[in-house]
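Peer 1: Below: one structure in structure tokens.
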Amino acid sequence: MSELHIENLHARTEEIEILQGVNLTIRSGEVHALMGPNGSGKSTLAYILMGRSGYEVTKGSISLDGHDLTKLGTSERAQLGLFLAMQYPVEIDGVTLQDVMNESSLAPEDFQKSIEEESRNLGLEGNDLKRGINLDMSGGEKKRMETLQLISLRSRIAILDELDSGLDIDGLRVVSSRIERATKEDDLGVLVITHYSRLLEELKPDKVHIFVNGRIVESGSAKLATELEETGYEKWTSSLETSVNLGGL
Ligand code: ADP
Ligand code: MG
């Protein structure tokens with residue numbers, strides 16, 4: 001059983017404060033969806049959880065199974081079982097999937113056998129897995145590749161930042177149902193950042209959180225995601241504007 005615990009998290013770049021008090025707990029087997037307008041800080045939250053440089057945590061805490069993540073580097077966080085599928089996966093020339101797997105604590109024979117089958121299931125058949133990660137892949141192939149890494153590494157908690165962007169309909173279905181299976185069979189915990197409820201048809205969220213201006217402003221059941229498609233974020237952003245206006249009076 002793993003638990004990622006985020007408490008009153010505030011973070012900033014040199015110029016601006018982006019996260020303004022995030023509270024969230026994700027346990028093994030749970031799926032949490034994070035939805036919010038562009039620029040609200042969702043990717044920043046994902047980066048900070050994984051330890052990207054360039055951001056400063058100014059208040060609050062992040063822990064994974066009792067380990068204070070703010071004191072650890074990115075590879076140490078990964079060793080503890082945290083995984084980030086980035087909104088814009090980077091191409092890494094000279095580093096193969098095999099290299100990444102060798103860095104993990106898994107025995108080579110454990111993953112070698114399943115990796116070909118997983119690749120086939122995820123529609124990556126025919127891609128040379130010995131070439132650099134994501135190198136010269138299409139946007140959708142990169143998202144399938146991120147999923148292959150996540151599954152092969154047997155991560156415990158995964159953050160998926162717009163995994164659906166760039167994926168075609170078949171890819172979306174195959175990727176989201178594979179991750180849903182991991183939540184059931186391997187007890188994977190998931191934080192899925194998305195704009196669309198379509199991803200959440202297969203990967204069923206236990207909770208949906210609305211993220212506006214650097215923090216969660218409302219949490220609810222899966223129904224909230226479909227309601228959002230009709231209403232948008234106006235309810236939350238306009239009340240925010242009102243409070244800002246009132247504050248200025
Ligand atoms: P989202 O993923 O919700 O669309 P982001 O987390 O990417 O939002 O960005 C939140 C805000 O913070 C945006 O206004 C963005 O321009 C700004 N921002 C993010 N990272 C940096 C950075 N390294 N330097 C300056 N501004 C940044
Ligand atoms: Mg983003």
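Residue numbers start at 1 in each chain; chains themselves are named A, B, ... in the order of the structure tokens; ligands are numbered from 1 in the order shown.
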Within 8 Å of Ser2 (chain A), counting only C-alpha atoms, which residues show up once you throw out same-chain ones fewer than 6 positions away? Write them as a PDB file with all heavy atoms, in the first residue's frame, please.

Peer 2:
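Result file result_39.pdb:
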ATOM      1  N   ARG A  27      -3.866   7.143  -2.856  1.00  0.00           N
ATOM      2  CA  ARG A  27      -3.429   5.842  -2.335  1.00  0.00           C
ATOM      3  C   ARG A  27      -3.421   4.799  -3.447  1.00  0.00           C
ATOM      4  O   ARG A  27      -4.051   4.999  -4.496  1.00  0.00           O
ATOM      5  CB  ARG A  27      -4.371   5.384  -1.223  1.00  0.00           C
ATOM      6  CG  ARG A  27      -4.389   6.310  -0.038  1.00  0.00           C
ATOM      7  CD  ARG A  27      -5.232   5.790   1.114  1.00  0.00           C
ATOM      8  NE  ARG A  27      -5.267   6.783   2.176  1.00  0.00           N
ATOM      9  CZ  ARG A  27      -6.124   7.802   2.228  1.00  0.00           C
ATOM     10  NH1 ARG A  27      -7.040   7.957   1.290  1.00  0.00           N
ATOM     11  NH2 ARG A  27      -6.068   8.671   3.221  1.00  0.00           N
ATOM     12  N   SER A  28      -2.733   3.709  -3.204  1.00  0.00           N
ATOM     13  CA  SER A  28      -2.683   2.587  -4.147  1.00  0.00           C
ATOM     14  C   SER A  28      -4.081   2.222  -4.622  1.00  0.00           C
ATOM     15  O   SER A  28      -5.017   2.157  -3.814  1.00  0.00           O
ATOM     16  CB  SER A  28      -2.082   1.365  -3.468  1.00  0.00           C
ATOM     17  OG  SER A  28      -0.744   1.599  -3.170  1.00  0.00           O
ATOM     18  N   LEU A  64       5.879  10.517   0.199  1.00  0.00           N
ATOM     19  CA  LEU A  64       5.477   9.237  -0.391  1.00  0.00           C
ATOM     20  C   LEU A  64       5.875   8.153   0.595  1.00  0.00           C
ATOM     21  O   LEU A  64       7.060   7.974   0.886  1.00  0.00           O
ATOM     22  CB  LEU A  64       6.157   9.034  -1.751  1.00  0.00           C
ATOM     23  CG  LEU A  64       5.855   7.712  -2.473  1.00  0.00           C
ATOM     24  CD1 LEU A  64       4.368   7.528  -2.744  1.00  0.00           C
ATOM     25  CD2 LEU A  64       6.621   7.642  -3.801  1.00  0.00           C
ATOM     26  N   ASP A  65       4.889   7.487   1.113  1.00  0.00           N
ATOM     27  CA  ASP A  65       5.102   6.437   2.119  1.00  0.00           C
ATOM     28  C   ASP A  65       6.031   6.907   3.242  1.00  0.00           C
ATOM     29  O   ASP A  65       6.960   6.202   3.652  1.00  0.00           O
ATOM     30  CB  ASP A  65       5.672   5.172   1.462  1.00  0.00           C
ATOM     31  CG  ASP A  65       4.711   4.627   0.427  1.00  0.00           C
ATOM     32  OD1 ASP A  65       3.497   4.888   0.559  1.00  0.00           O
ATOM     33  OD2 ASP A  65       5.161   3.976  -0.526  1.00  0.00           O
ATOM     34  N   ARG A 156       4.402   2.701  -8.558  1.00  0.00           N
ATOM     35  CA  ARG A 156       3.353   2.577  -7.531  1.00  0.00           C
ATOM     36  C   ARG A 156       2.329   3.705  -7.627  1.00  0.00           C
ATOM     37  O   ARG A 156       1.145   3.504  -7.425  1.00  0.00           O
ATOM     38  CB  ARG A 156       3.998   2.539  -6.140  1.00  0.00           C
ATOM     39  CG  ARG A 156       5.083   1.460  -6.057  1.00  0.00           C
ATOM     40  CD  ARG A 156       5.498   1.198  -4.652  1.00  0.00           C
ATOM     41  NE  ARG A 156       4.386   0.705  -3.854  1.00  0.00           N
ATOM     42  CZ  ARG A 156       3.952  -0.552  -3.891  1.00  0.00           C
ATOM     43  NH1 ARG A 156       4.520  -1.420  -4.683  1.00  0.00           N
ATOM     44  NH2 ARG A 156       2.957  -0.928  -3.132  1.00  0.00           N
ATOM     45  N   ILE A 157       2.844   4.910  -7.915  1.00  0.00           N
ATOM     46  CA  ILE A 157       1.953   6.064  -8.097  1.00  0.00           C
ATOM     47  C   ILE A 157       2.359   6.749  -9.403  1.00  0.00           C
ATOM     48  O   ILE A 157       3.533   7.087  -9.591  1.00  0.00           O
ATOM     49  CB  ILE A 157       2.080   7.080  -6.939  1.00  0.00           C
ATOM     50  CG1 ILE A 157       1.827   6.449  -5.564  1.00  0.00           C
ATOM     51  CG2 ILE A 157       1.179   8.293  -7.185  1.00  0.00           C
ATOM     52  CD1 ILE A 157       0.387   6.275  -5.136  1.00  0.00           C
ATOM     53  N   GLY A 189      -1.662   3.576  -8.087  1.00  0.00           N
ATOM     54  CA  GLY A 189      -2.419   4.788  -7.785  1.00  0.00           C
ATOM     55  C   GLY A 189      -2.156   5.814  -8.879  1.00  0.00           C
ATOM     56  O   GLY A 189      -1.035   5.900  -9.371  1.00  0.00           O
TER      57      GLY A 189
END

Peer 1: Neighbours of ligand 2 at 9 Å or closer, counting only C-alpha atoms and all ligand atoms: which residues, as a list in words?

Peer 2: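 Those residues are Asn38, Gly39, Ser40, Gly41, Lys42, Ser43, Thr44, Ala46, Met86, Gln87, Tyr88, Asp161, Glu162, Ile193 and Thr194 of chain A.
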
Peer 1: In Å, with one decimal, what is the gap from atom 11 (C, counted along the ligand's line) of ligand 1 to CA of Leu80 (chain A)?

Peer 2: 27.7 Å

Peer 1: Near region 224-237 of chain A, counting only C-alpha atoms, which residues have an atom at most 10 Å away, once you skip same-chain residues fewer than 4 positions from it, shown as a ChimeraX atom specification?

Peer 2: /A:33-37,194-198,200,205,207-213,217-220,241-243

Peer 1: Looking at A:Arg178, A:His5, A:Arg12, A:Lys223, which one is nearest to ligand 1, with distances taken over only C-alpha atoms and all ligand atoms?

Peer 2: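 So, comparing all the options, the nearest one is A:Arg12.
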
Peer 1: List the spatial neighbours of Leu167 (chain A) as a list in words - criterion: any atom at most 10 Å away, only C-alpha atoms, same-chain residues fewer than 3 positions off excluded.

Peer 2: Ser138, Gly139, Gly140, Glu141, Lys142, Lys143, Arg144, Glu162, Leu163, Asp164, Asp170, Gly171, Leu172, Arg173 and Val175 of chain A

Peer 1: Skipping near chain neighbours, those fewer than 5 positions away, what residues fall within 7 Å of Ser176 (chain A) using only C-alpha atoms, listed as an MDAnalysis selection string?

Peer 2: chainID A and resid 199 202:203

Peer 1: Given only C-alpha atoms as the basis, pick out the residue of A:Ile216, A:Ile16, A:Val100, A:Met137 nearest to Gly166 (chain A).

Peer 2: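 That would be A:Met137, the residue with the smallest distance to Gly166 (chain A).
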
Peer 1: Counting only C-alpha atoms, figure out which residue out of A:Ser177, A:Leu135, A:Leu4, A:Gln79 gets nearest to His32 (chain A).

Peer 2: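 Among the listed residues, A:Leu4 lies closest to His32 (chain A).
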